[in-house]
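Asks: Would you mind keeping the following structure in view while I ask a few things?
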Amino acid sequence: MFKKISLISAVAVAFAATSAFAAYPEKPISMVVPFAAGGPTDVVARNLSQALGAQLKGSVIVENAGGAGGTIGAGKVARAPGDGYTLLFHHIGMSTAPSLYRKLDFKPLEDFIPIGAVVDVPMTLIGKPQMTAGNAKDLVAYIKANKDKINLANAGIGSASHLCGLLLQSALKTDLTTVPFQGTGPAMTALLGGQVDLMCDQSTNTTGQIKGGKVKAYAVTSKAKLANFPELPPLATELPGFEVGVWHILYAPKNTPAAVVTQLQTALQAAIKDAGFVSKMKELGAEIMPADKQTSAGAKALLSSEIAKWSPIIQAAKAYAD
C-alpha cells in the first residue's frame with residue numbers, strides 16, 4: 001500500500017511539474033543585453049524580442065545591463081534562477097571573455113545553456129570623412145606607412161569593434177594606437193567628428209552612416225561581398241585569411257529545466273524565420289545563422305570553437321583587462 005501511494009504521489013508531482021512548464025511563460029521574460037541601448041547588439045535583440053514574444057504568446061522585454069565588455073550582464077544572468085524568465089542575448093564577446101578578463105565570475109561553457117545561435121553580423125572597416133586613402137588597398141598601404149600616426153577607435157574592451165581591431169592589427173603585423181570609448185555611440189561620434197581615424201564595427205551600426213556618405217567605407221570582414229554593400233570588397237582581398245563575423249546566441253542559466261529549454265528553442269527557431277525579423281536583418285546586413293547552429297548543441301559547438309580561436313590571438317596581443 002505504501003509503495004502504491006508513493007508511486008501515485010510521484011506521478012502527481014511529475015504531472016504538476018509538466019503542467020507548470022506547459023503554462024510557460026506565465027509572466028514577462030527578461031532578455032538581458034549586456035551592452036548599452038541603441039548599440040548594434042541591442043538593435044538585433046529588440047527585433048528578436050518581438051518575434052520571440054509572438055511565438056511564446058508572451059512578452060519578452062529587453063533589459064540593458066552594460067559594462068565591462070558584456071561581462072556584467074552575463075554575470076547577472078549566470079546568477080539568475082533557472083526558470084526561463086531571465087535570458088541572455090550576447091555576441092562573440094562571450095567567447096573572448098575567458099581570455100580577456102583575468103577575473104571572470106562565470107564560465108561560458110558551464111554556467112549557461114545555449115538556446116540557439118541567431119544571426120551573424122559582418123563588420124565593416126570605416127574611416128573618418130577626412131581620410132585620404134581611396135580604397136582598401138590604399139588604406140592598407142597607408143596604415144603600414146603611417147602606423148605611428150593612426151588611431152583606431154573601439155567601443156571598449158571586449159566589444160566587437162575591439163576584437164575586430166585586434167584581428168586587424170594581427171593581420172597587418174602592426175600595432176596601432178587604440179582609443180576605447182564607453183560604447184559604440186561615442187566611438188562613432190568621434191569618428192564622424194574626425195577625432196579618431198578608423199573603426200571596425202558591425203554593419204548593424206554602420207549601415208546608416210555608410211549609406212548616408214558620412215564615413216569613408218573601405219571593406220567588409222566577410223568572405224564574400226555583401227548584398228547590402230556591393231561596392232565594398234572583402235578585407236581578405238588585401239589581408240588573406242581575414243574574416244570575422246559577430247555571431248549572436250541566446251542563452252539561459254545552467255539550471256533551466258529541459259522542458260523550458262526545448263520550448264525556447266522551438267520558439268526561437270520559429271522567430272528566426274519570422275518574415276519581419278528576416279527583412280529587418282537583411283536591411284541591417286545581418287545574416288541568419290544556419291539551421292544546424294540554431295539548436296542548443298550547435299550553438300554550444302560554435303561557442304566552444306570560438307573560445308579556442310580567440311584565445312591565442314588575445315594572448316599574443318596581451319590584450320587583458322582587470
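Note on naming: chains are A, B, ... as they come in the C-alpha cells, residues start from 1 per chain, ligands start from 1 in the order shown.
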List as a Markdown table every residue of stretch 12-86 of chain A that is in contact with stretch 91-103 of chain A, defined as an atom at most 9 Å from one of its atoms (using only C-alpha atoms), together with the nearest atom pair and the distance in Å rounded to one decimal, sorted by chain and then rising number.

Replies:
| residue | atom | partner | partner_atom | distance |
| --- | --- | --- | --- | --- |
| A:Thr41 | CA | A:His91 | CA | 7.2 |
| A:Gly69 | CA | A:Gly93 | CA | 7.3 |
| A:Gly70 | CA | A:Gly93 | CA | 7.1 |
| A:Thr71 | CA | A:Ala97 | CA | 7.3 |
| A:Ala74 | CA | A:Met94 | CA | 8.3 |

Asks: Would you output that residue set with N, CA and C atoms, as a PDB file, in the first residue's frame?

Replies:
ATOM      1  N   THR A  41      24.129  45.217 -30.982  1.00  0.00           N
ATOM      2  CA  THR A  41      23.539  44.005 -30.409  1.00  0.00           C
ATOM      3  C   THR A  41      22.151  44.290 -29.868  1.00  0.00           C
ATOM      4  N   GLY A  69      32.687  45.131 -21.046  1.00  0.00           N
ATOM      5  CA  GLY A  69      32.703  44.280 -22.231  1.00  0.00           C
ATOM      6  C   GLY A  69      31.633  43.220 -22.268  1.00  0.00           C
ATOM      7  N   GLY A  70      30.532  43.458 -21.581  1.00  0.00           N
ATOM      8  CA  GLY A  70      29.436  42.495 -21.585  1.00  0.00           C
ATOM      9  C   GLY A  70      29.469  41.518 -20.432  1.00  0.00           C
ATOM     10  N   THR A  71      30.512  41.573 -19.598  1.00  0.00           N
ATOM     11  CA  THR A  71      30.638  40.582 -18.522  1.00  0.00           C
ATOM     12  C   THR A  71      29.694  40.857 -17.353  1.00  0.00           C
ATOM     13  N   ALA A  74      26.294  39.393 -18.431  1.00  0.00           N
ATOM     14  CA  ALA A  74      26.394  37.931 -18.496  1.00  0.00           C
ATOM     15  C   ALA A  74      26.447  37.337 -17.093  1.00  0.00           C
TER      16      ALA A  74
END

Asks: Would you list the contacts of A:Phe242 as a ChimeraX atom specification, taking every protein, DNA or RNA residue within 10 Å and counting only C-alpha atoms, but skipping same-chain residues closer than 3 positions in sequence?

Replies: /A:164,167-168,170-172,220-223,234-239

Asks: Could you please take those selected residues and save C-alpha atoms as a CSV table (one decimal), in the first residue's frame?

Replies:
chain,number,residue,atom,x,y,z
A,164,CYS,CA,38.0,43.3,-34.9
A,167,LEU,CA,42.5,40.9,-35.5
A,168,LEU,CA,43.2,43.7,-37.9
A,170,SER,CA,47.4,40.9,-36.1
A,171,ALA,CA,46.8,40.6,-39.8
A,172,LEU,CA,48.8,43.7,-40.5
A,220,VAL,CA,33.7,44.2,-45.2
A,221,THR,CA,35.0,41.4,-43.0
A,222,SER,CA,33.0,38.5,-44.6
A,223,LYS,CA,34.5,36.0,-47.0
A,234,PRO,CA,36.2,41.7,-48.5
A,235,LEU,CA,39.2,42.8,-46.5
A,236,ALA,CA,40.6,39.4,-47.2
A,237,THR,CA,41.4,40.6,-50.7
A,238,GLU,CA,44.2,42.7,-49.1
A,239,LEU,CA,44.8,40.7,-46.0

Asks: Expressed in Å to a single decimal, how great is the separation between atom CA of A:Thr184 and atom CA of A:Asn205?

Replies: 8.0 Å

Asks: Hey, what does DSSP flag as strand (DSSP E or B) within stretch 109-317 of chain A? Can you give it to me as an NGL selection string?

Replies: :A and (112-127 or 151-154 or 177-180 or 198-202 or 216-220 or 226 or 229 or 234 or 245-253 or 287-288)

Asks: For the residues in that selection, give me N, CA and C atoms as a short mmCIF file (atom, residue, chain, number, x, y, z; two decimals), in the first residue's frame.

Replies:
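File out-v6.cif, as written:
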data_model
loop_
_atom_site.label_atom_id
_atom_site.label_comp_id
_atom_site.auth_asym_id
_atom_site.auth_seq_id
_atom_site.Cartn_x
_atom_site.Cartn_y
_atom_site.Cartn_z
N PHE A 112 25.92 28.41 -18.52
CA PHE A 112 24.81 28.76 -19.40
C PHE A 112 24.41 27.57 -20.27
N ILE A 113 23.16 27.57 -20.69
CA ILE A 113 22.67 26.63 -21.70
C ILE A 113 22.37 27.45 -22.95
N PRO A 114 23.12 27.26 -24.03
CA PRO A 114 22.79 27.97 -25.27
C PRO A 114 21.43 27.49 -25.79
N ILE A 115 20.56 28.41 -26.10
CA ILE A 115 19.27 28.05 -26.70
C ILE A 115 19.43 27.88 -28.20
N GLY A 116 20.19 28.76 -28.82
CA GLY A 116 20.45 28.66 -30.25
C GLY A 116 21.13 29.93 -30.75
N ALA A 117 21.89 29.79 -31.83
CA ALA A 117 22.53 30.94 -32.47
C ALA A 117 21.51 31.61 -33.38
N VAL A 118 21.56 32.92 -33.45
CA VAL A 118 20.52 33.68 -34.14
C VAL A 118 21.01 34.31 -35.45
N VAL A 119 21.93 35.22 -35.36
CA VAL A 119 22.44 35.89 -36.56
C VAL A 119 23.95 36.04 -36.48
N ASP A 120 24.54 36.21 -37.64
CA ASP A 120 25.96 36.51 -37.76
C ASP A 120 26.03 37.88 -38.45
N VAL A 121 26.62 38.84 -37.78
CA VAL A 121 26.68 40.19 -38.32
C VAL A 121 28.08 40.48 -38.84
N PRO A 122 28.23 40.70 -40.14
CA PRO A 122 29.54 41.05 -40.68
C PRO A 122 29.95 42.43 -40.20
N MET A 123 31.22 42.71 -40.28
CA MET A 123 31.71 44.01 -39.84
C MET A 123 32.22 44.81 -41.05
N THR A 124 32.36 46.08 -40.84
CA THR A 124 32.85 46.96 -41.90
C THR A 124 34.01 47.78 -41.36
N LEU A 125 35.01 47.99 -42.19
CA LEU A 125 36.13 48.84 -41.82
C LEU A 125 35.85 50.22 -42.39
N ILE A 126 35.71 51.20 -41.52
CA ILE A 126 35.35 52.54 -41.95
C ILE A 126 36.35 53.56 -41.41
N GLY A 127 36.41 54.72 -42.08
CA GLY A 127 37.33 55.77 -41.67
C GLY A 127 36.62 57.11 -41.52
N ASN A 151 45.11 56.26 -35.30
CA ASN A 151 44.46 55.67 -34.12
C ASN A 151 43.18 54.95 -34.54
N LEU A 152 42.87 53.95 -33.76
CA LEU A 152 41.78 53.03 -34.07
C LEU A 152 40.78 53.04 -32.93
N ALA A 153 39.55 53.46 -33.20
CA ALA A 153 38.53 53.56 -32.15
C ALA A 153 37.87 52.21 -31.91
N ASN A 154 37.40 52.02 -30.68
CA ASN A 154 36.54 50.88 -30.39
C ASN A 154 35.57 51.25 -29.29
N THR A 177 47.65 52.73 -32.30
CA THR A 177 47.13 53.34 -31.09
C THR A 177 45.62 53.11 -31.06
N THR A 178 45.14 52.46 -30.02
CA THR A 178 43.71 52.20 -29.92
C THR A 178 43.08 53.16 -28.91
N VAL A 179 41.88 53.59 -29.22
CA VAL A 179 41.17 54.55 -28.37
C VAL A 179 39.83 53.94 -27.96
N PRO A 180 39.73 53.44 -26.73
CA PRO A 180 38.45 52.85 -26.28
C PRO A 180 37.47 53.92 -25.83
N LEU A 198 40.04 55.49 -37.63
CA LEU A 198 39.42 54.27 -38.17
C LEU A 198 38.59 53.56 -37.11
N MET A 199 37.67 52.75 -37.57
CA MET A 199 36.91 51.87 -36.67
C MET A 199 36.41 50.68 -37.48
N CYS A 200 36.40 49.53 -36.85
CA CYS A 200 35.85 48.33 -37.46
C CYS A 200 34.65 47.94 -36.62
N ASP A 201 33.46 48.02 -37.20
CA ASP A 201 32.27 47.76 -36.38
C ASP A 201 31.20 47.04 -37.18
N GLN A 202 30.20 46.53 -36.44
CA GLN A 202 29.14 45.73 -37.03
C GLN A 202 28.32 46.53 -38.05
N LYS A 216 34.04 57.19 -44.56
CA LYS A 216 34.72 56.51 -45.65
C LYS A 216 34.60 55.01 -45.39
N ALA A 217 34.01 54.28 -46.30
CA ALA A 217 33.86 52.84 -46.13
C ALA A 217 34.87 52.12 -47.02
N TYR A 218 35.60 51.16 -46.43
CA TYR A 218 36.69 50.52 -47.17
C TYR A 218 36.47 49.04 -47.48
N ALA A 219 35.94 48.29 -46.55
CA ALA A 219 35.84 46.85 -46.78
C ALA A 219 34.87 46.21 -45.80
N VAL A 220 34.48 44.98 -46.12
CA VAL A 220 33.68 44.16 -45.21
C VAL A 220 34.55 43.02 -44.71
N LEU A 226 28.92 41.62 -49.67
CA LEU A 226 27.59 41.61 -49.10
C LEU A 226 26.61 42.33 -50.04
N PHE A 229 26.26 45.94 -49.33
CA PHE A 229 27.36 46.82 -49.71
C PHE A 229 28.12 46.22 -50.90
N PRO A 234 35.76 42.33 -49.77
CA PRO A 234 36.15 41.69 -48.52
C PRO A 234 37.56 42.14 -48.16
N GLY A 245 33.06 37.62 -38.06
CA GLY A 245 31.64 37.97 -38.01
C GLY A 245 31.21 37.97 -36.56
N VAL A 246 30.22 38.77 -36.25
CA VAL A 246 29.78 38.88 -34.88
C VAL A 246 28.51 38.06 -34.69
N TRP A 247 28.70 36.79 -34.33
CA TRP A 247 27.57 35.91 -34.13
C TRP A 247 26.90 36.21 -32.79
N HIS A 248 25.62 35.92 -32.72
CA HIS A 248 24.84 36.18 -31.52
C HIS A 248 24.10 34.92 -31.10
N ILE A 249 24.13 34.63 -29.80
CA ILE A 249 23.49 33.44 -29.25
C ILE A 249 22.56 33.84 -28.11
N LEU A 250 21.43 33.15 -28.00
CA LEU A 250 20.52 33.32 -26.88
C LEU A 250 20.81 32.23 -25.85
N TYR A 251 20.98 32.61 -24.59
CA TYR A 251 21.33 31.67 -23.51
C TYR A 251 20.30 31.71 -22.39
N ALA A 252 20.27 30.61 -21.63
CA ALA A 252 19.52 30.53 -20.38
C ALA A 252 20.50 30.10 -19.29
N PRO A 253 20.22 30.40 -18.01
CA PRO A 253 21.07 29.92 -16.92
C PRO A 253 21.15 28.40 -16.92
N GLU A 287 23.16 38.27 -41.17
CA GLU A 287 22.84 37.01 -41.83
C GLU A 287 22.27 36.01 -40.83
N ILE A 288 21.14 35.40 -41.16
CA ILE A 288 20.54 34.38 -40.30
C ILE A 288 21.49 33.19 -40.20
#

Asks: Pick from A:His162, A:Ser305, A:Gln55, A:Thr204: nearest to A:Lys280, with only C-alpha atoms counted?

Replies: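 Result for the nearest residue to A:Lys280: A:Thr204.
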
Asks: For each of A:Pro25, A:Gly212, A:Pro186, A:Gly276, take the minimum atom-to-atom distance to A:Gly58, counting only C-alpha atoms, then give the residue where this is smallest.

Replies: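 Of the candidates, the smallest distance to A:Gly58 is held by A:Pro25.
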
Asks: Give me every helix (DSSP H, G or I) residue in stretch 178-263 of chain A, going by DSSP on the backbone, as a ChimeraX atom specification.

Replies: /A:184-192,203-211,235-237,258-263

Asks: Go through A:Asp274, A:Gly285, A:Tyr142, A:Glu306 and flag the residue nearest A:Thr206, using only C-alpha atoms for the distances.

Replies: A:Gly285

Asks: When you look at A:Ala37 with a cut-off of 9 Å (counting only C-alpha atoms), what residues show up, excluding the ones that are within fewer than 6 positions of it in the same chain? I need them as an MDAnalysis selection string.

Replies: chainID A and resid 43 63:66

Asks: Mind writing the picked residues with N, CA and C atoms as a PDB file, in the first residue's frame?

Replies:
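Final output, result_28.pdb:
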ATOM      1  N   VAL A  43      20.062  46.452 -31.066  1.00  0.00           N
ATOM      2  CA  VAL A  43      19.152  46.574 -32.214  1.00  0.00           C
ATOM      3  C   VAL A  43      18.638  45.201 -32.634  1.00  0.00           C
ATOM      4  N   GLU A  63      16.365  44.052 -21.486  1.00  0.00           N
ATOM      5  CA  GLU A  63      16.935  44.746 -20.325  1.00  0.00           C
ATOM      6  C   GLU A  63      18.416  44.974 -20.584  1.00  0.00           C
ATOM      7  N   ASN A  64      18.828  46.218 -20.679  1.00  0.00           N
ATOM      8  CA  ASN A  64      20.233  46.539 -20.919  1.00  0.00           C
ATOM      9  C   ASN A  64      21.004  46.555 -19.607  1.00  0.00           C
ATOM     10  N   ALA A  65      22.095  45.792 -19.570  1.00  0.00           N
ATOM     11  CA  ALA A  65      22.959  45.726 -18.383  1.00  0.00           C
ATOM     12  C   ALA A  65      24.398  45.778 -18.878  1.00  0.00           C
ATOM     13  N   GLY A  66      24.798  46.945 -19.365  1.00  0.00           N
ATOM     14  CA  GLY A  66      26.104  47.090 -19.991  1.00  0.00           C
ATOM     15  C   GLY A  66      27.234  47.252 -18.988  1.00  0.00           C
TER      16      GLY A  66
END

Asks: Could you list, as a PDB file with C-alpha atoms, in the first residue's frame, every residue within 12 Å of A:Pro28, counting only C-alpha atoms and ignoring same-chain residues fewer than 5 positions away?

Replies:
ATOM      1  CA  SER A  49      12.268  40.057 -28.710  1.00  0.00           C
ATOM      2  CA  LEU A  52      10.159  35.577 -29.959  1.00  0.00           C
ATOM      3  CA  GLY A  53       7.360  37.027 -27.838  1.00  0.00           C
ATOM      4  CA  LEU A  56       5.754  32.272 -26.995  1.00  0.00           C
ATOM      5  CA  LYS A  57       2.494  34.224 -26.787  1.00  0.00           C
ATOM      6  CA  GLY A  58       4.006  36.384 -24.070  1.00  0.00           C
ATOM      7  CA  SER A  59       6.148  39.437 -23.515  1.00  0.00           C
ATOM      8  CA  VAL A  60       9.920  39.398 -23.980  1.00  0.00           C
ATOM      9  CA  ILE A  61      11.396  42.594 -22.572  1.00  0.00           C
ATOM     10  CA  VAL A  62      14.935  43.739 -23.396  1.00  0.00           C
ATOM     11  CA  GLU A  63      16.935  44.746 -20.325  1.00  0.00           C
ATOM     12  CA  ASP A  83      13.282  29.310 -14.537  1.00  0.00           C
ATOM     13  CA  GLY A  84      13.241  30.577 -18.121  1.00  0.00           C
ATOM     14  CA  TYR A  85      12.366  34.146 -17.172  1.00  0.00           C
ATOM     15  CA  THR A  86      15.877  35.591 -17.404  1.00  0.00           C
ATOM     16  CA  LEU A  87      17.763  35.040 -20.657  1.00  0.00           C
TER      17      LEU A  87
END
